[in-house]
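Structure file model_21.pdb (PDB, C-alpha atoms and all ligand atoms) follows.
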```pdb
ATOM      1  CA  MET A   1       0.000   0.000   0.000
ATOM      2  CA  SER A   2       1.138   3.535  -0.525
ATOM      3  CA  GLN A   3       2.701   5.304   2.383
ATOM      4  CA  ALA A   4       5.036   8.006   1.240
ATOM      5  CA  THR A   5       3.132   9.082  -1.860
ATOM      6  CA  GLU A   6      -0.384  10.394  -2.145
ATOM      7  CA  ALA A   7      -3.012   8.379  -3.956
ATOM      8  CA  VAL A   8      -3.842   9.638  -7.439
ATOM      9  CA  ARG A   9      -7.414  10.291  -8.471
ATOM     10  CA  ILE A  10      -8.430   9.892 -12.067
ATOM     11  CA  SER A  11     -11.802  10.335 -13.663
ATOM     12  CA  GLY A  12     -13.294  10.491 -17.098
ATOM     13  CA  THR A  13     -15.781   9.242 -19.618
ATOM     14  CA  LEU A  14     -15.870   5.820 -21.110
ATOM     15  CA  ALA A  15     -17.000   6.508 -24.655
ATOM     16  CA  ILE A  16     -19.322   3.864 -25.967
ATOM     17  CA  PRO A  17     -19.043   2.420 -29.462
ATOM     18  CA  ARG A  18     -22.738   2.072 -30.238
ATOM     19  CA  VAL A  19     -22.061  -0.517 -32.910
ATOM     20  CA  SER A  20     -18.714  -2.222 -32.682
ATOM     21  CA  ARG A  21     -16.557  -3.440 -35.525
ATOM     22  CA  ASN A  22     -18.121  -6.837 -35.121
ATOM     23  CA  ASN A  23     -21.603  -5.517 -35.730
ATOM     24  CA  ARG A  24     -22.431  -5.630 -32.054
ATOM     25  CA  LEU A  25     -24.707  -3.071 -30.555
ATOM     26  CA  TYR A  26     -24.251  -1.998 -26.956
ATOM     27  CA  LEU A  27     -27.627  -0.603 -26.027
ATOM     28  CA  PRO A  28     -27.602   2.406 -23.685
ATOM     29  CA  LYS A  29     -30.211   0.587 -21.593
ATOM     30  CA  GLU A  30     -27.852  -2.368 -21.140
ATOM     31  CA  LEU A  31     -25.008  -0.045 -20.154
ATOM     32  CA  GLU A  32     -27.210   1.752 -17.665
ATOM     33  CA  LEU A  33     -28.394  -1.524 -16.171
ATOM     34  CA  ALA A  34     -24.816  -2.729 -15.917
ATOM     35  CA  VAL A  35     -23.910   0.364 -13.909
ATOM     36  CA  ARG A  36     -26.978  -0.048 -11.702
ATOM     37  CA  ARG A  37     -26.198  -3.718 -11.185
ATOM     38  CA  LEU A  38     -23.034  -2.665  -9.355
ATOM     39  CA  GLU A  39     -25.182  -0.850  -6.784
ATOM     40  CA  ASP A  40     -22.462   1.686  -6.109
ATOM     41  CA  ARG A  41     -19.961  -1.074  -5.379
ATOM     42  CA  GLU A  42     -16.393  -0.343  -6.344
ATOM     43  CA  ILE A  43     -14.635  -2.402  -8.974
ATOM     44  CA  PRO A  44     -10.896  -3.062  -9.076
ATOM     45  CA  VAL A  45      -8.488  -1.161 -11.296
ATOM     46  CA  TYR A  46      -5.772  -3.212 -12.983
ATOM     47  CA  TRP A  47      -2.932  -2.654 -15.353
ATOM     48  CA  GLU A  48      -3.707  -4.109 -18.750
ATOM     49  CA  HIS A  49      -6.660  -6.227 -17.580
ATOM     50  CA  ILE A  50      -4.328  -8.512 -15.642
ATOM     51  CA  SER A  51      -6.258  -9.578 -12.609
ATOM     52  CA  ALA A  52      -3.673 -12.118 -11.518
ATOM     53  CA  ARG A  53      -1.743  -9.371  -9.855
ATOM     54  CA  ASN A  54      -3.016  -7.065  -7.196
ATOM     55  CA  ALA A  55      -5.407  -4.318  -8.076
ATOM     56  CA  ILE A  56      -3.708  -0.952  -8.320
ATOM     57  CA  GLY A  57      -6.784   0.905  -7.136
ATOM     58  CA  LYS A  58     -10.556   0.993  -7.202
ATOM     59  CA  ALA A  59     -13.185   2.731  -9.227
ATOM     60  CA  ARG A  60     -16.819   3.708  -9.139
ATOM     61  CA  LEU A  61     -18.928   3.875 -12.276
ATOM     62  CA  PHE A  62     -21.760   6.290 -12.962
ATOM     63  CA  TRP A  63     -24.414   6.565 -15.610
ATOM     64  CA  ASN A  64     -24.999   9.936 -17.217
ATOM     65  CA  PRO A  65     -28.582   9.810 -18.548
ATOM     66  CA  GLU A  66     -28.343  13.025 -20.597
ATOM     67  CA  LYS A  67     -25.259  12.012 -22.498
ATOM     68  CA  MET A  68     -25.978   8.302 -22.199
ATOM     69  CA  GLU A  69     -22.420   7.679 -21.131
ATOM     70  CA  VAL A  70     -20.623   5.737 -18.488
ATOM     71  CA  THR A  71     -18.259   7.829 -16.397
ATOM     72  CA  TYR A  72     -15.831   6.714 -13.744
ATOM     73  CA  GLU A  73     -13.903   7.966 -10.783
ATOM     74  CA  ALA A  74     -10.938   5.969  -9.657
ATOM     75  CA  ILE A  75      -8.354   6.194  -6.979
ATOM     76  CA  ILE A  76      -4.951   4.672  -7.678
ATOM     77  CA  THR A  77      -3.140   3.539  -4.567
ATOM     78  CA  ASP A  78      -0.339   1.402  -5.955
ATOM     79  CA  PRO A  79       2.885   3.427  -5.659
ATOM     80  CA  GLU A  80       4.393   2.126  -8.874
ATOM     81  CA  ALA A  81       1.225   2.907 -10.830
ATOM     82  CA  GLU A  82       1.025   6.349  -9.244
ATOM     83  CA  GLN A  83       4.561   7.000 -10.364
ATOM     84  CA  LYS A  84       3.729   6.053 -13.945
ATOM     85  CA  ILE A  85       0.667   8.268 -14.013
ATOM     86  CA  ARG A  86       2.466  11.236 -12.498
ATOM     87  CA  SER A  87       5.332  10.850 -14.932
ATOM     88  CA  GLY A  88       2.844  11.337 -17.764
ATOM     89  CA  ILE A  89       3.023   7.933 -19.438
ATOM     90  CA  PRO A  90       0.081   7.965 -21.847
ATOM     91  CA  PHE A  91      -2.549   5.350 -21.282
ATOM     92  CA  ARG A  92      -6.085   4.513 -22.110
ATOM     93  CA  VAL A  93      -8.679   3.530 -19.611
ATOM     94  CA  SER A  94     -10.738   0.593 -20.641
ATOM     95  CA  LEU A  95     -13.616  -1.168 -19.062
ATOM     96  CA  GLY A  96     -13.547  -4.922 -18.832
ATOM     97  CA  ALA A  97     -16.964  -6.481 -19.114
ATOM     98  CA  ASP A  98     -18.619  -9.710 -19.957
ATOM     99  CA  TYR A  99     -22.178 -10.634 -20.742
ATOM    100  CA  GLU A 100     -24.621 -13.458 -20.356
ATOM    101  CA  ARG A 101     -25.846 -13.845 -23.880
ATOM    102  CA  VAL A 102     -26.139 -12.235 -27.270
ATOM    103  CA  ASP A 103     -29.500 -11.663 -28.951
ATOM    104  CA  ILE A 104     -29.651 -11.252 -32.697
ATOM    105  CA  ILE A 105     -31.943  -8.355 -33.580
ATOM    106  CA  ASP A 106     -32.313  -7.620 -37.290
ATOM    107  CA  GLY A 107     -28.966  -9.224 -37.888
ATOM    108  CA  ILE A 108     -27.214  -7.142 -35.248
ATOM    109  CA  GLU A 109     -25.797  -8.816 -32.186
ATOM    110  CA  VAL A 110     -26.964  -7.271 -28.936
ATOM    111  CA  PRO A 111     -25.076  -8.376 -25.831
ATOM    112  CA  ARG A 112     -27.417  -8.755 -22.876
ATOM    113  CA  ASN A 113     -26.870  -8.566 -19.144
ATOM    114  CA  LEU A 114     -23.513  -6.898 -19.260
ATOM    115  CA  PHE A 115     -21.394  -7.165 -16.179
ATOM    116  CA  PHE A 116     -18.663  -4.627 -15.569
ATOM    117  CA  ARG A 117     -15.779  -6.457 -13.913
ATOM    118  CA  GLU A 118     -12.880  -4.065 -13.751
ATOM    119  CA  ILE A 119     -11.322  -1.063 -15.333
ATOM    120  CA  SER A 120      -7.801  -1.127 -16.604
ATOM    121  CA  LEU A 121      -5.103   1.324 -17.408
ATOM    122  CA  VAL A 122      -3.567   0.301 -20.687
ATOM    123  CA  ALA A 123      -0.336   1.898 -21.809
ATOM    124  CA  VAL A 124      -0.592   3.266 -25.343
ATOM    125  CA  PRO A 125       2.671   4.832 -26.359
ATOM    126  CA  GLY A 126       2.328   7.562 -28.924
ATOM    127  CA  ILE A 127      -1.400   8.181 -28.770
ATOM    128  CA  PRO A 128      -1.619  11.773 -27.569
ATOM    129  CA  GLU A 129      -5.382  12.034 -27.107
ATOM    130  CA  ALA A 130      -5.287   9.221 -24.613
ATOM    131  CA  SER A 131      -2.759  10.875 -22.377
ATOM    132  CA  VAL A 132      -3.620  11.887 -18.878
ATOM    133  CA  GLN A 133      -4.083  15.520 -18.044
ATOM    134  CA  VAL A 134      -4.270  17.234 -14.718
ATOM    135  CA  VAL A 135      -7.546  19.087 -14.405
ATOM    136  CA  GLU A 136      -8.314  20.806 -11.130
ATOM    137  CA  GLY A 137      -6.128  18.434  -9.223
ATOM    138  CA  ALA A 138      -7.612  15.317 -10.782
ATOM    139  CA  TYR A 139      -6.178  13.360 -13.670
ATOM    140  CA  VAL A 140      -8.789  13.181 -16.367
ATOM    141  CA  THR A 141      -8.840  10.753 -19.239
ATOM    142  CA  GLU A 142     -11.145  10.062 -22.122
ATOM    143  CA  SER A 143     -11.452   6.552 -23.197
ATOM    144  CA  LEU A 144     -13.231   3.660 -24.757
ATOM    145  CA  ILE A 145     -15.217   0.842 -23.426
ATOM    146  CA  LYS A 146     -13.542  -2.329 -24.376
ATOM    147  CA  ILE A 147     -15.596  -5.424 -24.362
ATOM    148  CA  GLU A 148     -13.376  -8.431 -24.614
ATOM    149  CA  GLU A 149     -15.023  -9.755 -27.680
ATOM    150  CA  ARG A 150     -12.986 -12.375 -29.324
ATOM    151  CA  ALA A 151     -11.687 -14.073 -26.294
ATOM    152  CA  VAL A 152     -14.409 -16.478 -25.262
ATOM    153  CA  PRO A 153     -15.885 -15.271 -21.948
ATOM    154  CA  PHE A 154     -14.563 -17.174 -18.991
ATOM    155  CA  GLU A 155     -16.889 -19.780 -17.579
ATOM    156  CA  ALA A 156     -16.236 -21.501 -14.272
ATOM    157  CA  THR A 157     -17.303 -24.942 -15.437
ATOM    158  CA  PRO A 158     -16.864 -27.934 -13.080
ATOM    159  CA  LYS A 159     -13.272 -29.130 -12.816
ATOM    160  CA  ALA A 160     -12.157 -32.462 -14.161
ATOM    161  CA  ASP A 161      -9.878 -34.476 -11.892
ATOM    162  CA  GLU A 162      -6.678 -32.476 -11.695
ATOM    163  CA  ASP A 163      -4.542 -35.422 -12.805
ATOM    164  CA  ARG A 164      -6.594 -36.016 -15.925
ATOM    165  CA  SER A 165      -4.394 -36.229 -18.967
ATOM    166  CA  TRP A 166      -5.011 -33.757 -21.750
ATOM    167  CA  ASP A 167      -5.648 -34.975 -25.233
ATOM    168  CA  GLY A 168      -6.691 -32.085 -27.446
ATOM    169  CA  GLY A 169      -8.091 -34.347 -30.156
ATOM    170  CA  ARG A 170     -10.219 -36.284 -27.696
ATOM    171  CA  ALA A 171     -11.458 -33.069 -26.044
ATOM    172  CA  VAL A 172     -12.379 -31.399 -29.324
ATOM    173  CA  ALA A 173     -14.212 -34.531 -30.482
ATOM    174  CA  SER A 174     -16.224 -34.520 -27.235
ATOM    175  CA  LEU A 175     -17.070 -30.842 -27.733
ATOM    176  CA  ARG A 176     -18.244 -31.482 -31.296
ATOM    177  CA  ARG A 177     -20.586 -34.264 -30.266
ATOM    178  CA  TRP A 178     -21.888 -32.241 -27.321
ATOM    179  CA  ALA A 179     -22.552 -29.102 -29.382
ATOM    180  CA  SER A 180     -24.139 -31.085 -32.196
ATOM    181  CA  ARG A 181     -27.924 -31.113 -32.541
ATOM    182  CA  ASP A 182     -28.029 -34.830 -33.261
ATOM    183  CA  GLY A 183     -24.899 -35.913 -31.435
ATOM    184  CA  SER A 184     -23.107 -36.690 -34.694
ATOM    185  CA  GLY A 185     -20.574 -33.892 -34.361
ATOM    186  CA  GLU A 186     -21.019 -33.087 -38.068
ATOM    187  CA  LYS A 187     -20.317 -29.529 -39.104
ATOM    188  CA  ASP A 188     -23.850 -28.639 -40.236
ATOM    189  CA  THR A 189     -25.372 -29.807 -36.932
ATOM    190  CA  ILE A 190     -23.187 -27.678 -34.642
ATOM    191  CA  ASP A 191     -24.541 -25.016 -32.310
ATOM    192  CA  TRP A 192     -21.490 -22.779 -32.588
ATOM    193  CA  ALA A 193     -22.269 -20.616 -29.553
ATOM    194  CA  LYS A 194     -22.294 -23.797 -27.503
ATOM    195  CA  TYR A 195     -19.199 -25.186 -29.171
ATOM    196  CA  ARG A 196     -17.096 -22.137 -28.430
ATOM    197  CA  ARG A 197     -17.519 -22.602 -24.673
ATOM    198  CA  GLY A 198     -14.764 -25.195 -24.839
ATOM    199  CA  PHE A 199     -12.173 -22.769 -26.214
ATOM    200  CA  ALA A 200     -10.365 -19.580 -25.245
ATOM    201  CA  TRP A 201     -10.451 -17.879 -28.678
ATOM    202  CA  TYR A 202     -12.451 -17.981 -31.874
ATOM    203  CA  ASP A 203     -12.530 -16.020 -35.083
ATOM    204  CA  GLU A 204     -15.741 -14.018 -35.030
ATOM    205  CA  GLU A 205     -15.547 -13.258 -38.726
ATOM    206  CA  ASN A 206     -15.739 -16.903 -39.496
ATOM    207  CA  PRO A 207     -17.624 -18.641 -36.706
ATOM    208  CA  GLU A 208     -19.023 -21.617 -38.613
ATOM    209  CA  ASN A 209     -15.727 -23.322 -39.131
ATOM    210  CA  PHE A 210     -13.996 -25.786 -36.858
ATOM    211  CA  GLY A 211     -10.668 -24.182 -37.734
ATOM    212  CA  SER A 212     -11.806 -20.850 -36.258
ATOM    213  CA  TYR A 213     -11.744 -22.201 -32.714
ATOM    214  CA  LYS A 214      -8.463 -22.203 -30.881
ATOM    215  CA  LEU A 215      -6.990 -23.062 -27.524
ATOM    216  CA  PRO A 216      -9.380 -25.769 -26.303
ATOM    217  CA  HIS A 217      -9.104 -26.555 -22.598
ATOM    218  CA  HIS A 218     -12.556 -27.876 -21.723
ATOM    219  CA  GLU A 219     -13.758 -31.396 -22.347
ATOM    220  CA  VAL A 220     -17.188 -32.968 -22.080
ATOM    221  CA  ILE A 221     -16.962 -35.736 -19.517
ATOM    222  CA  ASP A 222     -20.079 -37.813 -18.839
ATOM    223  CA  GLY A 223     -22.199 -35.151 -20.493
ATOM    224  CA  THR A 224     -20.786 -32.273 -18.454
ATOM    225  CA  LEU A 225     -18.582 -29.501 -19.783
ATOM    226  CA  CYS A 226     -15.513 -29.599 -17.544
ATOM    227  CA  VAL A 227     -12.292 -27.651 -17.426
ATOM    228  CA  VAL A 228      -9.128 -29.781 -17.571
ATOM    229  CA  TRP A 229      -6.085 -28.433 -15.719
ATOM    230  CA  ARG A 230      -3.502 -29.793 -18.144
ATOM    231  CA  GLY A 231      -5.582 -28.411 -20.988
ATOM    232  CA  VAL A 232      -5.465 -24.973 -19.393
ATOM    233  CA  ALA A 233      -1.686 -25.185 -19.056
ATOM    234  CA  ALA A 234      -1.348 -26.480 -22.630
ATOM    235  CA  ALA A 235      -3.466 -23.577 -23.910
ATOM    236  CA  MET A 236      -1.274 -21.140 -21.994
ATOM    237  CA  ALA A 237       1.820 -22.738 -23.507
ATOM    238  CA  ALA A 238       0.338 -22.492 -26.995
ATOM    239  CA  LEU A 239      -0.569 -18.852 -26.391
ATOM    240  CA  MET A 240       3.023 -18.216 -25.385
ATOM    241  CA  GLY A 241       4.587 -20.465 -27.978
ATOM    242  CA  ALA A 242       7.123 -18.899 -30.242
ATOM    243  CA  ARG A 243       6.558 -19.100 -33.988
ATOM    244  CA  GLY A 244       4.520 -22.230 -34.252
ATOM    245  CA  GLY A 245       2.408 -21.298 -31.240
ATOM    246  CA  VAL A 246      -1.187 -20.318 -31.757
ATOM    247  CA  ASP A 247      -1.802 -17.647 -34.365
ATOM    248  CA  ILE A 248      -4.218 -15.058 -32.989
ATOM    249  CA  PRO A 249      -4.231 -11.251 -33.252
ATOM    250  CA  ASP A 250      -1.860  -9.566 -30.837
ATOM    251  CA  GLU A 251      -4.562  -7.516 -29.165
ATOM    252  CA  ASP A 252      -6.407 -10.708 -28.211
ATOM    253  CA  ARG A 253      -3.485 -12.262 -26.370
ATOM    254  CA  LYS A 254      -4.165 -10.539 -23.086
ATOM    255  CA  PRO A 255      -7.911 -11.233 -22.944
ATOM    256  CA  VAL A 256      -7.154 -14.882 -23.698
ATOM    257  CA  TYR A 257      -4.488 -14.890 -21.001
ATOM    258  CA  ASN A 258      -7.027 -13.403 -18.568
ATOM    259  CA  HIS A 259      -9.531 -16.125 -19.383
ATOM    260  CA  LEU A 260      -6.951 -18.844 -18.743
ATOM    261  CA  VAL A 261      -5.692 -17.192 -15.557
ATOM    262  CA  LYS A 262      -9.176 -17.433 -14.077
ATOM    263  CA  HIS A 263      -8.952 -21.204 -14.542
ATOM    264  CA  TYR A 264      -5.559 -21.174 -12.792
ATOM    265  CA  GLU A 265      -7.376 -19.575  -9.875
ATOM    266  CA  GLN A 266     -10.060 -22.292 -10.020
ATOM    267  CA  PHE A 267      -7.351 -24.924  -9.591
ATOM    268  CA  ASP A 268      -5.512 -22.889  -6.921
ATOM    269  CA  LYS A 269      -2.490 -22.607  -9.184
ATOM    270  CA  GLU A 270      -0.114 -19.704  -9.174
ATOM    271  CA  PRO A 271      -0.694 -17.914 -12.484
ATOM    272  CA  PRO A 272       2.423 -16.955 -14.433
ATOM    273  CA  SER A 273       2.870 -13.241 -15.066
ATOM    274  CA  PHE A 274       1.978 -12.107 -18.565
ATOM    275  CA  GLU A 275       4.977  -9.768 -18.773
ATOM    276  CA  LYS A 276       7.365 -12.510 -17.738
ATOM    277  CA  LEU A 277       5.947 -14.960 -20.266
ATOM    278  CA  GLU A 278       6.077 -12.365 -23.028
ATOM    279  CA  GLU A 279       9.672 -11.621 -22.163
ATOM    280  CA  LEU A 280      10.606 -15.293 -22.346
ATOM    281  CA  ARG A 281       8.721 -15.706 -25.595
ATOM    282  CA  GLN A 282      10.599 -12.855 -27.202
ATOM    283  CA  ARG A 283      13.890 -14.130 -25.867
ATOM    284  CA  ALA A 284      13.235 -17.583 -27.265
ATOM    285  CA  ASN A 285      12.338 -16.034 -30.620
ATOM    286  CA  ALA A 286      15.521 -13.971 -30.711
ATOM    287  CA  LEU A 287      17.700 -16.933 -29.786
ATOM    288  CA  GLU A 288      16.073 -19.104 -32.364
ATOM    289  CA  GLU A 289      16.598 -16.435 -34.968
ATOM    290  CA  LYS A 290      20.304 -16.569 -34.254
ATOM    291  CA  GLY A 291      20.247 -20.326 -34.551
ATOM    292  CA  LEU A 292      20.909 -20.817 -30.836
ATOM    293  CA  LEU A 293      18.467 -23.648 -30.506
ATOM    294  CA  TYR A 294      19.788 -25.118 -27.300
ATOM    295  CA  GLU A 295      19.533 -21.770 -25.520
ATOM    296  CA  ALA A 296      16.067 -21.238 -26.968
ATOM    297  CA  LEU A 297      15.069 -24.606 -25.615
ATOM    298  CA  LYS A 298      16.328 -23.642 -22.154
ATOM    299  CA  VAL A 299      14.184 -20.511 -22.230
ATOM    300  CA  THR A 300      11.200 -22.554 -23.333
ATOM    301  CA  GLU A 301      11.838 -24.911 -20.447
ATOM    302  CA  GLU A 302      11.720 -22.022 -18.012
ATOM    303  CA  MET A 303       8.478 -20.896 -19.590
ATOM    304  CA  PHE A 304       6.994 -24.373 -19.156
ATOM    305  CA  ARG A 305       7.956 -24.347 -15.509
ATOM    306  CA  LEU A 306       6.182 -21.020 -14.947
ATOM    307  CA  ILE A 307       3.132 -22.219 -16.822
ATOM    308  CA  GLY A 308       2.988 -25.358 -14.694
ATOM    309  CA  LEU A 309       3.745 -27.937 -17.371
ATOM    310  CA  ASP A 310       6.321 -30.656 -16.909
ATOM    311  CA  PHE A 311       8.816 -30.060 -19.683
ATOM    312  CA  ASN A 312       9.786 -33.705 -19.864
ATOM    313  CA  ALA A 313       6.261 -35.033 -19.897
ATOM    314  CA  PRO A 314       4.697 -35.957 -23.222
ATOM    315  CA  ARG A 315       4.141 -32.641 -24.953
ATOM    316  CA  PRO A 316       0.817 -31.318 -26.051
ATOM    317  CA  LYS A 317       0.620 -31.167 -29.818
ATOM    318  CA  ILE A 318       2.063 -27.706 -30.163
ATOM    319  CA  ARG A 319       4.980 -26.766 -32.289
ATOM    320  CA  PHE A 320       7.590 -25.080 -30.196
ATOM    321  CA  VAL A 321      10.712 -23.230 -31.219
ATOM    322  CA  ILE A 322      12.747 -26.359 -31.508
ATOM    323  CA  ASN A 323      10.619 -27.686 -34.329
ATOM    324  CA  THR A 324      11.410 -24.889 -36.687
ATOM    325  CA  ARG A 325      14.597 -24.267 -38.598
ATOM    326  CA  THR A 326      16.625 -27.141 -37.334
ATOM    327  CA  GLU A 327      19.050 -27.293 -40.217
ATOM    328  CA  GLY A 328      21.790 -25.603 -38.193
ATOM    329  CA  GLU A 329      21.619 -28.123 -35.404
TER     330      GLU A 329
HETATM  331 ZN    ZN B   1     -12.295 -21.646 -20.233
END
```
Translate the structure described by the file into structure tokens.
Amino acid sequence: MSQATEAVRISGTLAIPRVSRNNRLYLPKELELAVRRLEDREIPVYWEHISARNAIGKARLFWNPEKMEVTYEAIITDPEAEQKIRSGIPFRVSLGADYERVDIIDGIEVPRNLFFREISLVAVPGIPEASVQVVEGAYVTESLIKIEERAVPFEATPKADEDRSWDGGRAVASLRRWASRDGSGEKDTIDWAKYRRGFAWYDEENPENFGSYKLPHHEVIDGTLCVVWRGVAAAMAALMGARGGVDIPDEDRKPVYNHLVKHYEQFDKEPPSFEKLEELRQRANALEEKGLLYEALKVTEEMFRLIGLDFNAPRPKIRFVINTRTEGE
């Protein structure tokens, strides 16, 4: 907690994209209800939507009925975060939310029962309009609501036995049968909204394709959708794999990480830090580029340890650094 320094107050407006790039419509009514649902409770403030670490402060949200906007007031108590804000590092404030379901109205997707979980300060180097200004003693920011759209919303499904082995092929086959109208698992019988609950990411532009669903970590066991610990760790490893790891847009990496970290918490596992994993990933990439495969492998081993996978155990079917460009070995 802060002792020497004073807490920083920030406040501002969370601008609402009325129709998002994915043809989703966030109705003012839903936003208002989401604010009211908090009943004046404070929500945590994080850096970069990473809830695995301690909150850096807390925030209250308000609904402005004239402007139909969500506004916030936050107090930042973490000394390191205070320092960053005071030093003028530009950042954006974004609101992390999830929702219960999506209704299709005239072809537009309308998320229902939004739940505001946290707000985050997200560093955005070089974007001047997002920088923090001091206004009458408070730091004021303008920002965007960010609904974590392409990461599949986290769902605390029942846990499979922690020792259960992970077989991605077996898990995906179980998901296909489960999400299939007639149990066949054939493509044209799939309820895709149901199917995606087994994964951490899917391609919204192309939802009716098996190949659009990535990072499975749930499996249907005796008719119940369960989360499998080794599947969670394997998905984390794939997310952090060097070239050959999972191919998803960069901006989706953190929401996917956040989804997986919530499963770590379900299993009482220490979640690895995103920054640390990113650092190792980049190091492994750089080493591999130089042809230093043994060193790259060592870095990958350290990453496995942090993720909670046994490096010597049979590997999940993920291509790691060592599988690419081996001609120099
Ligand atoms: Zn999940």
Using all atoms listed in the file, which residues sit within 8 Å of Ile75 in chain A once same-chain residues fewer than 4 positions away are excluded, as a list in words? Ala7, Val8, Arg9, Ile10, Gly57, Lys58 and Ala59 of chain A
Distance table requested - range 184-229 of chain A against range 175-180 of chain A, cut-off 7 Å, only C-alpha atoms: one row per qualifying residue with the closest atom pair and its distance in Å to one decimal, ordered by chain and rising residue number, as JSON lines.
```
{"residue": "A:Ser184", "atom": "CA", "partner": "A:Arg177", "partner_atom": "CA", "distance": 5.6}
{"residue": "A:Gly185", "atom": "CA", "partner": "A:Arg177", "partner_atom": "CA", "distance": 4.1}
{"residue": "A:Glu186", "atom": "CA", "partner": "A:Ser180", "partner_atom": "CA", "distance": 6.9}
{"residue": "A:Thr189", "atom": "CA", "partner": "A:Ser180", "partner_atom": "CA", "distance": 5.1}
{"residue": "A:Ile190", "atom": "CA", "partner": "A:Ser180", "partner_atom": "CA", "distance": 4.3}
{"residue": "A:Asp191", "atom": "CA", "partner": "A:Ala179", "partner_atom": "CA", "distance": 5.4}
{"residue": "A:Lys194", "atom": "CA", "partner": "A:Ala179", "partner_atom": "CA", "distance": 5.6}
{"residue": "A:Tyr195", "atom": "CA", "partner": "A:Ala179", "partner_atom": "CA", "distance": 5.2}
{"residue": "A:Gly198", "atom": "CA", "partner": "A:Leu175", "partner_atom": "CA", "distance": 6.8}
{"residue": "A:Glu219", "atom": "CA", "partner": "A:Leu175", "partner_atom": "CA", "distance": 6.3}
{"residue": "A:Val220", "atom": "CA", "partner": "A:Leu175", "partner_atom": "CA", "distance": 6.0}
```
Picked residues, the PyMOL selection byres (((chain A and resi 203-211) around 12) and not hetatm), as number ranges by chain: A: 21-24, 109, 149-152, 172-173, 175-176, 179, 185-196, 199-202, 212-216, 246-249, 252
Residue IDs satisfying the PyMOL selection byres (((chain A and resi 277-286) around 7) and not hetatm), as a VMD selection string: chain A and resid 240 to 242 273 to 276 287 to 290 296 299 to 300 303
Using the chain letters and numbering of this document, enumerate as a PyMOL selection string the residues selected by the PyMOL selection byres (((not hetatm)) within 12 of (chain B and resi 1)). chain A and resi 151-159+195-201+214-219+225-229+231-233+235-236+255-266
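For Ile56 in chain A, the non-local neighbours within 7 Å, defined as residues at least 5 positions apart in the same chain or in other chains and counting all atoms listed in the file, are Val45, Tyr46, Ile76, Thr77, Asp78 and Ala81 of chain A.
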